[in-house]
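Colleague: Please read through the structure below; I'll follow up with questions.
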Amino acid sequence: TFSLVLIIGDVIRLIWGVSDRSVSFNIEPLEMLGTFINPYQFVVIGLGLTVALGLWAFLKFTRYGRIVRAAVHSREMVSALGIRIRLIYAGVFALGLALAALAAGAFLPTAPMALGVDIDLIIQSFAVVVIGGFGSILGTFVASLIVGVVYAFSILIWPNGALAVVF
């Protein structure tokens with residue numbers, strides 16, 4: 001995955017160049033608790049919670065979700081039942097791509113896309129998965145909250161080393 005991020009990032013640089021790009025909504029910030037907050041942040045939080053709840057329900061209550069969970073624990077047994085494991089993994093990969101695209105679309109209005117953002121995000125994603133545990137949706141959700149809070153406070157204290165503090 002990391003090598004794909006590097007390759008796709010280089011292809012994007014070749015096609016669109018190296019200048020920063022941004023999308024902005026001209027929304028007036030709200031004053032809350034003595035500070036100004038962009039209301040779009042609430043949209044991003046709501047979207048994140050909706051996706052997390054939807055993914056949990058999908059994996060918990062659908063037939064495909066049960067097959068995916070079984071394939072994580074015992075690939076050979078699921079394959080022995082006659083289920084095409086490559087098709088299941090391809091579907092999970094496609095779902096992951098769709099969620100990554102949704103996350104990128106939600107993230108774009110909050111900060112300009114610049115060189116190196118892809119590397120920062122993939123490193124943070126790696127940290128979330130390792131801390132949360134492979135195959136654990138709840139663990140990954142909690143780890144994402146921990147990494148997000150640690151990273152945000154690290155930016156205030158040590159901006160140049162914020163990514164290192166996550167680890």
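In the structure tokens, each chain is lettered A, B, ... as it comes, each chain's residues begin at 1, and ligands are numbered from 1 in order of appearance.
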Identify, with DSSP run on backbone atoms, the residues in segment 15-112 of chain A assigned to strand (DSSP E), and express the list as a ChimeraX atom specification.
Modeller: /A:30-32,35-37
Colleague: Using only C-alpha atoms, tabulate the residues of segment 119-159 of chain A lying at most 12 Å from any atom of segment 3-6 of chain A, each with its closest atom pair and that distance in Å to one decimal, by chain and increasing residue number, as CSV.
Modeller:
```
residue,atom,partner,partner_atom,distance
A:Ile119,CA,A:Val5,CA,7.6
A:Asp120,CA,A:Val5,CA,10.9
A:Leu121,CA,A:Val5,CA,10.1
A:Ile122,CA,A:Val5,CA,7.9
A:Ile123,CA,A:Val5,CA,10.9
```
Colleague: Next, write the just-selected residues to a file, as a CSV table (one decimal), in the first residue's frame, keeping all heavy atoms as the atom set.
Modeller:
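Contents of the output file out_14.csv:
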```csv
chain,number,residue,atom,x,y,z
A,119,ILE,N,2.1,11.1,2.4
A,119,ILE,CA,3.0,10.3,3.3
A,119,ILE,C,2.6,10.5,4.7
A,119,ILE,O,2.6,9.5,5.5
A,119,ILE,CB,4.5,10.8,3.1
A,119,ILE,CG1,4.9,10.7,1.6
A,119,ILE,CG2,5.4,10.0,4.0
A,119,ILE,CD1,4.9,9.3,1.1
A,120,ASP,N,2.3,11.7,5.2
A,120,ASP,CA,1.8,11.9,6.6
A,120,ASP,C,0.6,11.1,6.9
A,120,ASP,O,0.5,10.5,7.9
A,120,ASP,CB,1.5,13.4,6.8
A,120,ASP,CG,2.8,14.3,6.8
A,120,ASP,OD1,3.9,13.7,6.9
A,120,ASP,OD2,2.7,15.5,6.8
A,121,LEU,N,-0.4,11.1,5.9
A,121,LEU,CA,-1.6,10.4,6.2
A,121,LEU,C,-1.4,8.9,6.2
A,121,LEU,O,-2.0,8.2,7.0
A,121,LEU,CB,-2.7,10.8,5.1
A,121,LEU,CG,-3.2,12.2,5.2
A,121,LEU,CD1,-4.1,12.5,4.1
A,121,LEU,CD2,-3.8,12.5,6.6
A,122,ILE,N,-0.6,8.3,5.3
A,122,ILE,CA,-0.4,6.9,5.3
A,122,ILE,C,0.4,6.4,6.6
A,122,ILE,O,0.1,5.4,7.1
A,122,ILE,CB,0.3,6.4,4.0
A,122,ILE,CG1,0.2,4.9,3.9
A,122,ILE,CG2,1.8,6.7,4.0
A,122,ILE,CD1,-1.1,4.5,3.3
A,123,ILE,N,1.3,7.3,7.1
A,123,ILE,CA,2.0,6.9,8.3
A,123,ILE,C,1.0,7.0,9.5
A,123,ILE,O,1.1,6.1,10.4
A,123,ILE,CB,3.2,7.9,8.5
A,123,ILE,CG1,4.2,7.6,7.5
A,123,ILE,CG2,3.8,7.8,9.9
A,123,ILE,CD1,5.4,8.6,7.4
```
Colleague: Quick one: contact table of segment 57-116 of chain A to segment 135-148 of chain A, 12 Å max, nearest atom pair and distance in Å to one decimal per residue, counting only C-alpha atoms, chain and number order, as CSV?
Modeller:
```
residue,atom,partner,partner_atom,distance
A:Ala57,CA,A:Ile137,CA,10.8
A:Phe58,CA,A:Ile137,CA,11.5
A:Leu59,CA,A:Ile137,CA,9.3
A:Lys60,CA,A:Ile137,CA,10.4
A:Val68,CA,A:Gly135,CA,10.1
A:Arg69,CA,A:Gly135,CA,8.0
A:Ala70,CA,A:Gly135,CA,10.6
A:Ala71,CA,A:Gly135,CA,10.5
A:Val72,CA,A:Gly135,CA,7.0
A:His73,CA,A:Gly135,CA,8.6
```
Colleague: Can I get the selection written as a PDB file, in the first residue's frame, with all heavy atoms?
Modeller:
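Contents of result-v3.pdb, as written:
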```
ATOM      1  N   ALA A  57     -21.929  -2.012  11.432  1.00  0.00           N
ATOM      2  CA  ALA A  57     -23.192  -2.708  11.156  1.00  0.00           C
ATOM      3  C   ALA A  57     -23.060  -3.618   9.929  1.00  0.00           C
ATOM      4  O   ALA A  57     -23.589  -4.735   9.920  1.00  0.00           O
ATOM      5  CB  ALA A  57     -24.315  -1.688  10.945  1.00  0.00           C
ATOM      6  N   PHE A  58     -22.352  -3.158   8.926  1.00  0.00           N
ATOM      7  CA  PHE A  58     -22.139  -3.958   7.718  1.00  0.00           C
ATOM      8  C   PHE A  58     -21.399  -5.251   8.047  1.00  0.00           C
ATOM      9  O   PHE A  58     -21.789  -6.337   7.612  1.00  0.00           O
ATOM     10  CB  PHE A  58     -21.362  -3.134   6.686  1.00  0.00           C
ATOM     11  CG  PHE A  58     -20.936  -3.914   5.486  1.00  0.00           C
ATOM     12  CD1 PHE A  58     -21.847  -4.306   4.523  1.00  0.00           C
ATOM     13  CD2 PHE A  58     -19.597  -4.258   5.315  1.00  0.00           C
ATOM     14  CE1 PHE A  58     -21.445  -5.022   3.408  1.00  0.00           C
ATOM     15  CE2 PHE A  58     -19.191  -4.969   4.207  1.00  0.00           C
ATOM     16  CZ  PHE A  58     -20.122  -5.357   3.254  1.00  0.00           C
ATOM     17  N   LEU A  59     -20.334  -5.136   8.823  1.00  0.00           N
ATOM     18  CA  LEU A  59     -19.554  -6.324   9.161  1.00  0.00           C
ATOM     19  C   LEU A  59     -20.264  -7.229  10.162  1.00  0.00           C
ATOM     20  O   LEU A  59     -20.053  -8.438  10.179  1.00  0.00           O
ATOM     21  CB  LEU A  59     -18.184  -5.909   9.714  1.00  0.00           C
ATOM     22  CG  LEU A  59     -17.224  -5.306   8.705  1.00  0.00           C
ATOM     23  CD1 LEU A  59     -15.978  -4.788   9.393  1.00  0.00           C
ATOM     24  CD2 LEU A  59     -16.860  -6.312   7.631  1.00  0.00           C
ATOM     25  N   LYS A  60     -21.113  -6.660  10.981  1.00  0.00           N
ATOM     26  CA  LYS A  60     -21.781  -7.436  12.037  1.00  0.00           C
ATOM     27  C   LYS A  60     -23.059  -8.115  11.554  1.00  0.00           C
ATOM     28  O   LYS A  60     -23.349  -9.250  11.947  1.00  0.00           O
ATOM     29  CB  LYS A  60     -22.098  -6.495  13.201  1.00  0.00           C
ATOM     30  CG  LYS A  60     -22.707  -7.135  14.404  1.00  0.00           C
ATOM     31  CD  LYS A  60     -21.650  -7.756  15.249  1.00  0.00           C
ATOM     32  CE  LYS A  60     -22.270  -8.218  16.564  1.00  0.00           C
ATOM     33  NZ  LYS A  60     -21.365  -9.033  17.311  1.00  0.00           N
ATOM     34  N   VAL A  68     -16.462 -11.961   5.511  1.00  0.00           N
ATOM     35  CA  VAL A  68     -15.202 -11.213   5.642  1.00  0.00           C
ATOM     36  C   VAL A  68     -14.571 -11.483   7.000  1.00  0.00           C
ATOM     37  O   VAL A  68     -13.364 -11.754   7.096  1.00  0.00           O
ATOM     38  CB  VAL A  68     -15.437  -9.699   5.434  1.00  0.00           C
ATOM     39  CG1 VAL A  68     -14.212  -8.895   5.842  1.00  0.00           C
ATOM     40  CG2 VAL A  68     -15.804  -9.411   3.992  1.00  0.00           C
ATOM     41  N   ARG A  69     -15.368 -11.437   8.062  1.00  0.00           N
ATOM     42  CA  ARG A  69     -14.826 -11.696   9.399  1.00  0.00           C
ATOM     43  C   ARG A  69     -14.298 -13.120   9.509  1.00  0.00           C
ATOM     44  O   ARG A  69     -13.264 -13.362  10.126  1.00  0.00           O
ATOM     45  CB  ARG A  69     -15.880 -11.430  10.470  1.00  0.00           C
ATOM     46  CG  ARG A  69     -16.134  -9.947  10.653  1.00  0.00           C
ATOM     47  CD  ARG A  69     -17.068  -9.649  11.794  1.00  0.00           C
ATOM     48  NE  ARG A  69     -18.382 -10.214  11.491  1.00  0.00           N
ATOM     49  CZ  ARG A  69     -19.171 -10.764  12.394  1.00  0.00           C
ATOM     50  NH1 ARG A  69     -18.798 -10.847  13.649  1.00  0.00           N
ATOM     51  NH2 ARG A  69     -20.353 -11.237  12.054  1.00  0.00           N
ATOM     52  N   ALA A  70     -15.007 -14.067   8.898  1.00  0.00           N
ATOM     53  CA  ALA A  70     -14.538 -15.457   8.916  1.00  0.00           C
ATOM     54  C   ALA A  70     -13.247 -15.602   8.124  1.00  0.00           C
ATOM     55  O   ALA A  70     -12.339 -16.342   8.533  1.00  0.00           O
ATOM     56  CB  ALA A  70     -15.614 -16.375   8.353  1.00  0.00           C
ATOM     57  N   ALA A  71     -13.148 -14.913   7.004  1.00  0.00           N
ATOM     58  CA  ALA A  71     -11.943 -14.992   6.173  1.00  0.00           C
ATOM     59  C   ALA A  71     -10.736 -14.403   6.887  1.00  0.00           C
ATOM     60  O   ALA A  71      -9.601 -14.859   6.677  1.00  0.00           O
ATOM     61  CB  ALA A  71     -12.179 -14.284   4.842  1.00  0.00           C
ATOM     62  N   VAL A  72     -10.952 -13.422   7.741  1.00  0.00           N
ATOM     63  CA  VAL A  72      -9.847 -12.848   8.508  1.00  0.00           C
ATOM     64  C   VAL A  72      -9.296 -13.880   9.481  1.00  0.00           C
ATOM     65  O   VAL A  72      -8.087 -14.002   9.659  1.00  0.00           O
ATOM     66  CB  VAL A  72     -10.311 -11.573   9.259  1.00  0.00           C
ATOM     67  CG1 VAL A  72      -9.299 -11.147  10.306  1.00  0.00           C
ATOM     68  CG2 VAL A  72     -10.576 -10.445   8.282  1.00  0.00           C
ATOM     69  N   HIS A  73     -10.183 -14.654  10.081  1.00  0.00           N
ATOM     70  CA  HIS A  73      -9.752 -15.627  11.090  1.00  0.00           C
ATOM     71  C   HIS A  73      -9.241 -16.928  10.475  1.00  0.00           C
ATOM     72  O   HIS A  73      -8.290 -17.508  10.979  1.00  0.00           O
ATOM     73  CB  HIS A  73     -10.879 -15.911  12.068  1.00  0.00           C
ATOM     74  CG  HIS A  73     -11.217 -14.739  12.923  1.00  0.00           C
ATOM     75  ND1 HIS A  73     -10.350 -14.242  13.868  1.00  0.00           N
ATOM     76  CD2 HIS A  73     -12.299 -13.937  12.960  1.00  0.00           C
ATOM     77  CE1 HIS A  73     -10.888 -13.197  14.457  1.00  0.00           C
ATOM     78  NE2 HIS A  73     -12.075 -12.982  13.920  1.00  0.00           N
TER      79      HIS A  73
END
```
Colleague: Which residues are near Val23 of chain A? Cut-off 10 Å, only C-alpha atoms, ignore same chain within fewer than 4 positions. Put them as a list of chain:residue names.
Modeller: A:Gly105, A:Phe107, A:Leu108, A:Pro109, A:Thr110, A:Ala111, A:Pro112, A:Met113
Colleague: Would you mind exporting all heavy atoms of the selected residues as an mmCIF file, in the first residue's frame?
Modeller:
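Produced file result.cif, reproduced below:
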```cif
data_model
loop_
_atom_site.group_PDB
_atom_site.id
_atom_site.type_symbol
_atom_site.label_atom_id
_atom_site.label_comp_id
_atom_site.auth_asym_id
_atom_site.auth_seq_id
_atom_site.Cartn_x
_atom_site.Cartn_y
_atom_site.Cartn_z
ATOM 1 N N GLY A 105 -11.996 13.252 0.192
ATOM 2 C CA GLY A 105 -12.946 14.290 -0.188
ATOM 3 C C GLY A 105 -13.408 15.114 1.002
ATOM 4 O O GLY A 105 -13.594 16.326 0.893
ATOM 5 N N PHE A 107 -11.610 15.547 3.751
ATOM 6 C CA PHE A 107 -10.439 16.237 4.293
ATOM 7 C C PHE A 107 -10.026 17.442 3.460
ATOM 8 O O PHE A 107 -9.500 18.423 3.993
ATOM 9 C CB PHE A 107 -9.280 15.235 4.387
ATOM 10 C CG PHE A 107 -8.005 15.814 4.902
ATOM 11 C CD1 PHE A 107 -7.874 16.174 6.232
ATOM 12 C CD2 PHE A 107 -6.915 16.006 4.066
ATOM 13 C CE1 PHE A 107 -6.696 16.706 6.724
ATOM 14 C CE2 PHE A 107 -5.732 16.544 4.542
ATOM 15 C CZ PHE A 107 -5.626 16.885 5.880
ATOM 16 N N LEU A 108 -10.260 17.399 2.174
ATOM 17 C CA LEU A 108 -9.772 18.428 1.256
ATOM 18 C C LEU A 108 -10.174 19.852 1.641
ATOM 19 O O LEU A 108 -9.328 20.748 1.595
ATOM 20 C CB LEU A 108 -10.204 18.109 -0.175
ATOM 21 C CG LEU A 108 -9.645 18.998 -1.270
ATOM 22 C CD1 LEU A 108 -8.120 18.945 -1.261
ATOM 23 C CD2 LEU A 108 -10.174 18.578 -2.618
ATOM 24 N N PRO A 109 -11.426 20.130 2.040
ATOM 25 C CA PRO A 109 -11.744 21.518 2.400
ATOM 26 C C PRO A 109 -11.111 21.996 3.705
ATOM 27 O O PRO A 109 -11.106 23.176 3.995
ATOM 28 C CB PRO A 109 -13.271 21.518 2.537
ATOM 29 C CG PRO A 109 -13.721 20.350 1.751
ATOM 30 C CD PRO A 109 -12.652 19.337 1.892
ATOM 31 N N THR A 110 -10.550 21.096 4.515
ATOM 32 C CA THR A 110 -9.989 21.520 5.793
ATOM 33 C C THR A 110 -8.559 22.010 5.695
ATOM 34 O O THR A 110 -8.106 22.773 6.542
ATOM 35 C CB THR A 110 -10.041 20.376 6.827
ATOM 36 O OG1 THR A 110 -9.223 19.297 6.375
ATOM 37 C CG2 THR A 110 -11.455 19.891 7.037
ATOM 38 N N ALA A 111 -7.814 21.562 4.677
ATOM 39 C CA ALA A 111 -6.413 21.963 4.528
ATOM 40 C C ALA A 111 -6.024 21.829 3.064
ATOM 41 O O ALA A 111 -6.555 20.983 2.361
ATOM 42 C CB ALA A 111 -5.516 21.071 5.387
ATOM 43 N N PRO A 112 -5.088 22.659 2.611
ATOM 44 C CA PRO A 112 -4.661 22.521 1.213
ATOM 45 C C PRO A 112 -3.890 21.226 0.992
ATOM 46 O O PRO A 112 -3.191 20.752 1.880
ATOM 47 C CB PRO A 112 -3.768 23.736 0.992
ATOM 48 C CG PRO A 112 -3.343 24.166 2.339
ATOM 49 C CD PRO A 112 -4.429 23.754 3.284
ATOM 50 N N MET A 113 -4.056 20.654 -0.173
ATOM 51 C CA MET A 113 -3.295 19.463 -0.543
ATOM 52 C C MET A 113 -1.931 19.926 -1.021
ATOM 53 O O MET A 113 -1.822 20.711 -1.951
ATOM 54 C CB MET A 113 -3.997 18.687 -1.658
ATOM 55 C CG MET A 113 -5.242 17.981 -1.225
ATOM 56 S SD MET A 113 -4.874 16.621 -0.125
ATOM 57 C CE MET A 113 -5.636 17.176 1.383
#
```
Colleague: Report the residues of chain A whose backbone DSSP state falls under alpha helix (DSSP H), written as a PyMOL selection string.
Modeller: chain A and resi 2-16+40-61+63-73+75-80+85-107+117-132+137-157+162-166
Colleague: From the list A:Pro39, A:Gly34, A:Gly9, A:Gly48, which residue is nearest Ala106 of chain A when using only C-alpha atoms?
Modeller: A:Gly48
Colleague: Just checking: using only C-alpha atoms, which residue out of A:Leu99, A:Ile37, A:Leu163, A:Val51 ends up closest to Val117 of chain A?
Modeller: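 Checking each candidate against Val117 of chain A, we get A:Leu163 as the closest.
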Colleague: From the set A:Ala52, A:Ala152, A:Ile45, A:Ile12, which residue has the shortest atom-to-atom contact distance to Leu115 of chain A, counting only C-alpha atoms?
Modeller: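 Going through A:Ala52, A:Ala152, A:Ile45, A:Ile12 one by one, the smallest distance to Leu115 of chain A is for A:Ile12.
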Colleague: Would you please work out which residue, of A:Ala104, A:Tyr64, A:Ser74, A:Phe153, is nearest to Ile88 of chain A when using only C-alpha atoms?
Modeller: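 The answer is A:Tyr64, which sits nearest to Ile88 of chain A.
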